[in-house]
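A.B. asks: Here it is, the structure in full.
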Amino acid sequence: MPTETPKIDASPTKDFFVAVLVRDISLDDAIAELIDNSIDGAKKLAVGDDFSDFYISVKFDKTSFSIGDNCGGIPVIIAKDYAFRFGRDSKNPDDYSADLPIGQFGVGMKRSLFRLGDNFSVDSVSLGSSFGMEVDVNKWKAEKEWKFEFNNKYEPNQNNLIENCGTKIKVTNLHTNVSENFQSNSFINGLKIKIEDVHSEALINGLKIKINTIELDGHKDELLTSKDIKPFFKKITIGKNANKVEAKIYAGISTKSKENFGWYIYCNGRQVVKADKFPLTGWGSATGEVSVPKGHTQFDRFRGYVYFESSNAFLLPWNTKKDGINENSEIYQAVRLEMILALRQLIDFLNQLAKESDTEDKPITEMIGNATSANVSDLSSGKNTSFKFKAPKPKATEPMQTITYRKPKKEIDKAKKILKESGEDSKSNESVGRLTFEYFMDLEDES
Amino acid sequence: MEDFDYRLRPAKSIERKMLAESFSRLFIFGKPSSYQYVGFGAIWFNDFILFHKALGFEKMISMEKNKHLQKRFEFNCPLNCIDLKFDHSNIVLPTLKWTTKTVLWLDYVCVLNEEVLRDISLVSSQMSSGSMLIISVNAEPRNYRAKEEDDPQKKMISGLKISVGENKVPNYVKKEADMNGWNTAEICRDIFTNEIEETLKIRNGGIVDSTDKFSYQQLFNFNYNDGAKMATFGGIISQEKDSTLIEKCAFDHFDFYRRGKEPYYINPPLLTFREIHALEKIVHSDKKEAKKIPIDTAQIDEFIKLHRYFPTFALTEI
């Protein structure tokens with residue numbers, strides 16, 4: 001009698017699944033993800049850019065975490081078929097993810113909740129429905145079914161007032177490292193800075209976000225402008241209709257800052273790149289002399305802002321964690337060419353400005369002093385513009401000549417060593433020649 | 001400012017006339033007044049004068065990095081439609097209006113280097129359809145030798161890698177001999193072409209409609225010797241939807257049209273005026289006539305090939 005070949009059980013254990021799901025997400029990212037979901041809700045209800053009617057309140061201590069908002073709530077149908085499903089179902093015509101401008105990857109909420117602790121509850125009221133659910137993660141892991149259950153607050157057909165709509169999530173039985181972090185001031189500060197950066201645009205537009213008792217502030221993206229200094233602006237539209245991605249690029253100068261100079265990139269209002277000064281945004285690679293040596297402050301007034309917008313969040317050039325750019329994105333690479341153009345239009349200005357630190361005559365510094373700071377969204381008239389500044393009239397520079405001579409390598413190396421010891425940059429023979437000439441003139445020229 | 005009076009360099013003069021003849025075909029794309037010409041006028045402005053007179057370009061921009069000689073350049077500028085920009089091309093090119101169709105000839109005297117490639121990549125990312133991009137560079141192998149401080153053996157390969165960046169050097173350049181003779185010119189052409197194509201590939205990534213995508217078609221690949229080996233290459237950048245216009249331009253009817261690696265050598269014979277006049281008379285006659293002129297056959301053939309572009313100037317004492 002033929003014996004039946006035994007089957008291998010390849011079904012995943014929930015333990016393994018949860019471990020993989022939370023492995024790569026940091027604690028602050030987990031909280032940011034939940035805030036994203038609230039903002040998605042607010043975006044759907046907001047009139048234009050006005051977020052002043054919405055709040056998100058995050059509270060935590062060593063024993064519990066909660067987030068509450070008045071951002072419209074989660075409709076029962078979305079909770080049932082999407083928000084608490086595991087992964088995205090691309091075949092499901094009722095997949096709502098494309099309607100959500102920020103939270104596009106469909107694993108966020110559950111991942112965040114698993115990351116925080118072992119018990120969570122979600123209560124949500126939306127215009128047409130409401131529900132509640134409580135999950136004991138350890139108990140759920142022991143069950144065979146991959147399901148969550150609504151509690152007795154489940155009401156699929158309602159007519160609620162918009163002001164009563166919102167979501168409240170609570171997590172208890174926090175993981176040990178989570179509980180420890182929640183008591184650390186540096187964690188709280190780091191989270192505050194991160195959320196303020198990432199959601200600066202929504203905060204500026206009136207959204208209120210509170211972390212424990214701290215009210216968050218957005219910072220404006222500003223550039224200096226005047227009749228003599230005009231920032232760069234270029235709008236690029238890629239694709240049409242539902243597949244349209246729009247990028248607006250602004251570049252110019254602002255306050256001096258070693259930390260803050262560079263490029264800022266946003267996708268649907270969310271900041272994904274902050275103050276970048278590396279080849280990712282065109283520095284140092286194709287721009288050659290724009291490479292920024294460590295500690296070099298020549299370009300510390302440069303600011304560039306890129307805003308990508310699309311109703312289809314999948315087309316945006318962000319990475320899956322939404323905290324950086326997908327460098328391989330064709331759309332991003334094409335826009336990067338324009339960022340290089342913008343950067344290069346500013347080089348001459350920034351170099352001339354840097355040279356003024358050694359001169360008495362400072363026309364560019366004065367020009368900057370007379371410029372006023374303006375929010376970038378108020379800057380463009382919709383027309384593409386180059387960076388322009390009124391170049392000061394060049395003064396006749398002194399005619400230069402070259403001296404060349406040959407000396408034994410041993411002596412040159414010795415001179416290099418002596419120059420290095422006195423703190424001079426003397427890697428090349430050319431610099432040895434120049435520095436020794438300057439030394440001679442300092443000693444002998446009495447005029 | 002260049003050290004030579006370019007009027008006295010016959011190969012250069014021939015090349016300039018060939019380019020002018022090709023540019024005249026661009027008017028299938030648009031009127032001369034819709035184009036801008038951008039180049040390095042130096043102190044002689046020879047290309048500017050020829051292209052203005054022969055083709056009618058009205059908007060012309062000359063870049064000049066020697067700011068301290070500004071007055072002298074302004075004094076020598078022959079046409080008031082030439083806009084002089086006193087800065088390095090790396091600084092000037094990003095500020096120009098690229099929505100205007102452009103003929104750009106970057107006639108460098110230097111070797112191919114990162115600064116040149118930076119210009120190439122920038123303009124390829126911005127030029128509008130129907131624009132021409134041409135560069136001339138010094139392709140003399142010995143001029144690519146590394147400085148002793150960078151490579152004690154002063155190898156040309158090391159010098160090239162330092163000059164253009166190691167990742168830009170084609171894989172087939174492996175040993176020193178690979179840069180001998182005109183090989184360096186071919187290497188430069190490949191690096192130049194690759195830079196344009198790479199940039200256009202990225203630029204096209206941001207374009208959805210395939211008829212709007214850009215491509216580059218090489219038209220020129222000149223090699224000539226002006227005391228040093230020089231190479232000029234370039235072509236037209238256009239969108240797919242304009243491909244029929246390019247066909248109408250019929251650039252391939254020119255003898256000097258070169259689509260690929262194979263160069264067109266400009267090697268003008270050294271002739272007296274009497275010889276030039278005698279040869280001009282028999283250009284369209286049969287070979288027997290030519291034999292009456294006491295000049296080497298190869299030189300006669302070369303003259304016949306180039307005669308329409310042959311320089312007719314004379315250096316005179318005033």
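Chain labels run A, B, ... following the order of the structure tokens; each chain numbers its residues from 1, and ligands are numbered from 1 in the order shown.
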Got a sec: who's within 12 Å of Asp36 in chain A, counting only C-alpha atoms, leaving out chain neighbours fewer than 2 positions off, as a VMD selection string?

C.D. replies: chain A and resid 29 to 34 38 to 43 56 67 69 71 100 to 105 108 to 109 112 195 198 to 199 202 209 268 to 271 321 to 323

A.B. asks: Near Tyr309 in chain B, counting only C-alpha atoms, which residues have an atom at most 9 Å away, once you skip same-chain residues fewer than 4 positions from it, shown as a list in words?

C.D. replies: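 Listing them by chain and then by number gives Ser13, Ile14, Glu15, Arg16, Lys17 and Met18 of chain B.
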
A.B. asks: Could you take the residues named above and write them with all heavy atoms, as a PDB file, in the first residue's frame?

C.D. replies:
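Contents of out-v5.pdb, freshly written:
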ATOM      1  N   SER B  13      40.334  76.704 -39.321  1.00  0.00           N
ATOM      2  CA  SER B  13      39.511  77.519 -40.208  1.00  0.00           C
ATOM      3  C   SER B  13      38.583  76.630 -41.048  1.00  0.00           C
ATOM      4  O   SER B  13      37.403  76.934 -41.240  1.00  0.00           O
ATOM      5  CB  SER B  13      40.438  78.342 -41.093  1.00  0.00           C
ATOM      6  OG  SER B  13      39.708  78.985 -42.078  1.00  0.00           O
ATOM      7  N   ILE B  14      39.115  75.506 -41.523  1.00  0.00           N
ATOM      8  CA  ILE B  14      38.317  74.556 -42.315  1.00  0.00           C
ATOM      9  C   ILE B  14      37.195  73.969 -41.460  1.00  0.00           C
ATOM     10  O   ILE B  14      36.035  73.927 -41.853  1.00  0.00           O
ATOM     11  CB  ILE B  14      39.230  73.436 -42.872  1.00  0.00           C
ATOM     12  CG1 ILE B  14      40.135  74.021 -43.953  1.00  0.00           C
ATOM     13  CG2 ILE B  14      38.424  72.255 -43.386  1.00  0.00           C
ATOM     14  CD1 ILE B  14      41.280  73.114 -44.381  1.00  0.00           C
ATOM     15  N   GLU B  15      37.575  73.580 -40.258  1.00  0.00           N
ATOM     16  CA  GLU B  15      36.592  73.006 -39.343  1.00  0.00           C
ATOM     17  C   GLU B  15      35.450  74.007 -39.092  1.00  0.00           C
ATOM     18  O   GLU B  15      34.268  73.654 -39.115  1.00  0.00           O
ATOM     19  CB  GLU B  15      37.277  72.663 -38.021  1.00  0.00           C
ATOM     20  CG  GLU B  15      36.336  72.262 -36.929  1.00  0.00           C
ATOM     21  CD  GLU B  15      37.075  72.023 -35.625  1.00  0.00           C
ATOM     22  OE1 GLU B  15      37.426  72.987 -34.906  1.00  0.00           O
ATOM     23  OE2 GLU B  15      37.313  70.852 -35.331  1.00  0.00           O
ATOM     24  N   ARG B  16      35.802  75.257 -38.892  1.00  0.00           N
ATOM     25  CA  ARG B  16      34.812  76.295 -38.604  1.00  0.00           C
ATOM     26  C   ARG B  16      33.822  76.437 -39.760  1.00  0.00           C
ATOM     27  O   ARG B  16      32.619  76.542 -39.561  1.00  0.00           O
ATOM     28  CB  ARG B  16      35.541  77.616 -38.344  1.00  0.00           C
ATOM     29  CG  ARG B  16      34.651  78.679 -37.763  1.00  0.00           C
ATOM     30  CD  ARG B  16      35.408  79.993 -37.586  1.00  0.00           C
ATOM     31  NE  ARG B  16      36.554  79.872 -36.700  1.00  0.00           N
ATOM     32  CZ  ARG B  16      37.799  80.174 -37.033  1.00  0.00           C
ATOM     33  NH1 ARG B  16      38.084  80.625 -38.247  1.00  0.00           N
ATOM     34  NH2 ARG B  16      38.778  80.045 -36.173  1.00  0.00           N
ATOM     35  N   LYS B  17      34.358  76.386 -40.982  1.00  0.00           N
ATOM     36  CA  LYS B  17      33.470  76.510 -42.145  1.00  0.00           C
ATOM     37  C   LYS B  17      32.563  75.299 -42.297  1.00  0.00           C
ATOM     38  O   LYS B  17      31.405  75.414 -42.698  1.00  0.00           O
ATOM     39  CB  LYS B  17      34.297  76.706 -43.416  1.00  0.00           C
ATOM     40  CG  LYS B  17      34.884  78.099 -43.507  1.00  0.00           C
ATOM     41  CD  LYS B  17      35.573  78.262 -44.829  1.00  0.00           C
ATOM     42  CE  LYS B  17      36.315  79.595 -44.905  1.00  0.00           C
ATOM     43  NZ  LYS B  17      37.167  79.657 -46.085  1.00  0.00           N
ATOM     44  N   MET B  18      33.104  74.135 -41.988  1.00  0.00           N
ATOM     45  CA  MET B  18      32.287  72.908 -42.054  1.00  0.00           C
ATOM     46  C   MET B  18      31.158  72.979 -41.030  1.00  0.00           C
ATOM     47  O   MET B  18      30.013  72.629 -41.321  1.00  0.00           O
ATOM     48  CB  MET B  18      33.149  71.674 -41.808  1.00  0.00           C
ATOM     49  CG  MET B  18      34.068  71.358 -42.972  1.00  0.00           C
ATOM     50  SD  MET B  18      35.164  69.992 -42.568  1.00  0.00           S
ATOM     51  CE  MET B  18      35.830  69.621 -44.187  1.00  0.00           C
TER      52      MET B  18
END

A.B. asks: Find the residues of chain B in contact range of chain A, meaning any atom within 8 Å when counting only C-alpha atoms, and list them as a PyMOL selection string.

C.D. replies: chain B and resi 67-68+91+94-95+114-115+118+122+125+149+202-209

A.B. asks: DSSP on the backbone, then: every residue of range 84-124 of chain B marked helix (DSSP H, G or I), written as number ranges by chain.

C.D. replies: B: 89-95, 114-124

A.B. asks: Mind giving me the straight-line distance from CA of Phe302 in chain A to CA of Ile196 in chain B in Å, one decimal?

C.D. replies: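 That distance, rounded to one decimal, is 28.0 Å.
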
A.B. asks: Quick one: residues within 10 Å of Ala354 in chain A, only C-alpha atoms counted, chain neighbours fewer than 2 positions away excluded, as a compact mmCIF listing (two decimals) with all heavy atoms, in the first residue's frame?

C.D. replies:
# COMPACT_ATOMS: atom_id res chain seq x y z
N THR A 297 32.88 76.40 5.71
CA THR A 297 31.61 77.10 5.85
C THR A 297 31.30 77.99 4.65
O THR A 297 30.43 78.83 4.70
CB THR A 297 31.64 77.97 7.11
OG1 THR A 297 32.77 78.83 7.01
CG2 THR A 297 31.72 77.13 8.35
N GLN A 298 32.00 77.77 3.56
CA GLN A 298 31.83 78.61 2.38
C GLN A 298 30.38 78.67 1.89
O GLN A 298 29.95 79.67 1.36
CB GLN A 298 32.70 78.02 1.27
CG GLN A 298 32.73 78.85 0.04
CD GLN A 298 34.05 78.65 -0.67
OE1 GLN A 298 34.94 78.01 -0.15
NE2 GLN A 298 34.17 79.22 -1.85
N PHE A 299 29.67 77.57 2.07
CA PHE A 299 28.32 77.50 1.51
C PHE A 299 27.24 77.53 2.59
O PHE A 299 26.13 77.10 2.36
CB PHE A 299 28.19 76.23 0.67
CG PHE A 299 29.25 76.14 -0.40
CD1 PHE A 299 30.25 75.19 -0.32
CD2 PHE A 299 29.25 77.03 -1.46
CE1 PHE A 299 31.24 75.14 -1.30
CE2 PHE A 299 30.22 76.97 -2.43
CZ PHE A 299 31.23 76.03 -2.35
N ASP A 300 27.61 78.05 3.78
CA ASP A 300 26.69 77.91 4.91
C ASP A 300 25.42 78.75 4.82
O ASP A 300 24.57 78.68 5.67
CB ASP A 300 27.42 78.14 6.24
CG ASP A 300 28.03 79.52 6.32
OD1 ASP A 300 27.85 80.30 5.36
OD2 ASP A 300 28.69 79.82 7.33
N ASP A 348 28.80 80.84 -7.80
CA ASP A 348 29.56 82.07 -8.04
C ASP A 348 29.27 83.07 -6.92
O ASP A 348 30.18 83.68 -6.35
CB ASP A 348 29.14 82.63 -9.41
CG ASP A 348 29.95 83.85 -9.78
OD1 ASP A 348 31.13 83.90 -9.39
OD2 ASP A 348 29.41 84.75 -10.44
N PHE A 349 27.99 83.20 -6.60
CA PHE A 349 27.58 84.12 -5.56
C PHE A 349 28.22 83.74 -4.22
O PHE A 349 28.80 84.58 -3.52
CB PHE A 349 26.05 84.07 -5.45
CG PHE A 349 25.48 84.95 -4.38
CD1 PHE A 349 25.22 86.28 -4.63
CD2 PHE A 349 25.20 84.44 -3.12
CE1 PHE A 349 24.69 87.10 -3.65
CE2 PHE A 349 24.67 85.25 -2.13
CZ PHE A 349 24.41 86.58 -2.40
N LEU A 350 28.15 82.46 -3.88
CA LEU A 350 28.68 82.01 -2.59
C LEU A 350 30.21 82.14 -2.53
O LEU A 350 30.76 82.49 -1.49
CB LEU A 350 28.25 80.56 -2.33
CG LEU A 350 26.73 80.38 -2.18
CD1 LEU A 350 26.34 78.91 -2.26
CD2 LEU A 350 26.23 80.97 -0.87
N ASN A 351 30.85 81.89 -3.66
CA ASN A 351 32.31 82.06 -3.70
C ASN A 351 32.70 83.52 -3.55
O ASN A 351 33.64 83.86 -2.83
CB ASN A 351 32.88 81.49 -5.00
CG ASN A 351 32.96 79.97 -4.96
OD1 ASN A 351 32.97 79.37 -3.89
ND2 ASN A 351 32.98 79.34 -6.12
N GLN A 352 31.98 84.37 -4.24
CA GLN A 352 32.28 85.81 -4.12
C GLN A 352 32.05 86.29 -2.70
O GLN A 352 32.79 87.10 -2.17
CB GLN A 352 31.38 86.61 -5.08
CG GLN A 352 31.81 86.48 -6.53
CD GLN A 352 31.16 87.55 -7.40
OE1 GLN A 352 30.96 88.67 -6.98
NE2 GLN A 352 30.82 87.19 -8.61
N GLU A 356 34.80 87.86 0.29
CA GLU A 356 34.65 89.15 0.96
C GLU A 356 35.13 89.13 2.41
O GLU A 356 35.35 90.18 3.00
CB GLU A 356 33.18 89.59 0.92
CG GLU A 356 32.79 90.15 -0.42
CD GLU A 356 31.43 90.80 -0.40
OE1 GLU A 356 30.78 90.87 0.67
OE2 GLU A 356 31.00 91.25 -1.46
N SER A 357 35.27 87.92 2.98
CA SER A 357 35.70 87.88 4.38
C SER A 357 37.12 88.44 4.52
O SER A 357 37.53 88.83 5.60
CB SER A 357 35.61 86.45 4.91
OG SER A 357 36.44 85.62 4.15
N ASP A 358 37.88 88.47 3.42
CA ASP A 358 39.26 88.99 3.49
C ASP A 358 39.39 90.40 2.93
O ASP A 358 40.50 90.89 2.76
CB ASP A 358 40.21 88.08 2.68
CG ASP A 358 40.17 86.65 3.17
OD1 ASP A 358 39.98 86.48 4.38
OD2 ASP A 358 40.32 85.74 2.34
N THR A 359 38.29 91.03 2.58
CA THR A 359 38.41 92.36 1.98
C THR A 359 37.63 93.38 2.78
O THR A 359 36.73 93.04 3.55
CB THR A 359 37.84 92.35 0.54
OG1 THR A 359 36.47 91.96 0.61
CG2 THR A 359 38.59 91.41 -0.37
N ILE A 364 28.55 92.33 -1.44
CA ILE A 364 27.58 91.22 -1.38
C ILE A 364 27.05 91.06 0.04
O ILE A 364 25.85 90.84 0.25
CB ILE A 364 28.22 89.92 -1.90
CG1 ILE A 364 28.52 90.11 -3.40
CG2 ILE A 364 27.32 88.73 -1.69
CD1 ILE A 364 29.03 88.90 -4.10
N THR A 365 27.96 91.21 1.02
CA THR A 365 27.50 91.13 2.42
C THR A 365 26.45 92.21 2.67
O THR A 365 25.44 91.96 3.32
CB THR A 365 28.71 91.32 3.36
OG1 THR A 365 29.75 90.45 2.91
CG2 THR A 365 28.35 90.98 4.79

A.B. asks: Which of these, B:Thr193, B:Thr199, B:Thr232, B:Asn80, has the shortest distance to Gln217 in chain B once you count only C-alpha atoms?

C.D. replies: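 Among the listed residues, the smallest separation from Gln217 in chain B belongs to B:Thr193.
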
A.B. asks: Of the candidates B:Arg259, B:Lys248, B:Lys12, B:Lys241, which shows the shortest atom-to-atom distance to Phe27 in chain B, using only C-alpha atoms?

C.D. replies: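 Going through B:Arg259, B:Lys248, B:Lys12, B:Lys241 one by one, the smallest distance to Phe27 in chain B is for B:Lys248.
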
A.B. asks: Fewer than 3 positions away in the same chain doesn't count, so skip those; otherwise give me all residues within 7 Å of Thr100 in chain B, counting only C-alpha atoms, as a PyMOL selection string.

C.D. replies: chain B and resi 34-36+97+128

A.B. asks: Go ahead and dump the residues you just picked, N, CA, C and O atoms, as a short mmCIF file (atom, residue, chain, number, x, y, z; two decimals), in the first residue's frame.

C.D. replies:
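Writing done, so here's again_15.cif:
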data_model
loop_
_atom_site.label_atom_id
_atom_site.label_comp_id
_atom_site.auth_asym_id
_atom_site.auth_seq_id
_atom_site.Cartn_x
_atom_site.Cartn_y
_atom_site.Cartn_z
N SER B 34 15.72 82.50 -33.71
CA SER B 34 15.21 81.74 -32.56
C SER B 34 16.35 80.98 -31.87
O SER B 34 16.14 80.33 -30.86
N TYR B 35 17.54 81.04 -32.45
CA TYR B 35 18.69 80.34 -31.88
C TYR B 35 19.61 81.30 -31.13
O TYR B 35 19.66 82.49 -31.45
N GLN B 36 20.34 80.76 -30.16
CA GLN B 36 21.46 81.53 -29.60
C GLN B 36 22.74 80.75 -29.88
O GLN B 36 22.73 79.52 -29.89
N LYS B 97 19.86 80.93 -20.60
CA LYS B 97 18.48 80.53 -20.81
C LYS B 97 18.45 79.35 -21.79
O LYS B 97 18.66 79.54 -23.00
N SER B 128 17.35 72.49 -25.22
CA SER B 128 16.07 72.15 -25.81
C SER B 128 16.29 71.45 -27.16
O SER B 128 17.38 71.49 -27.74
#
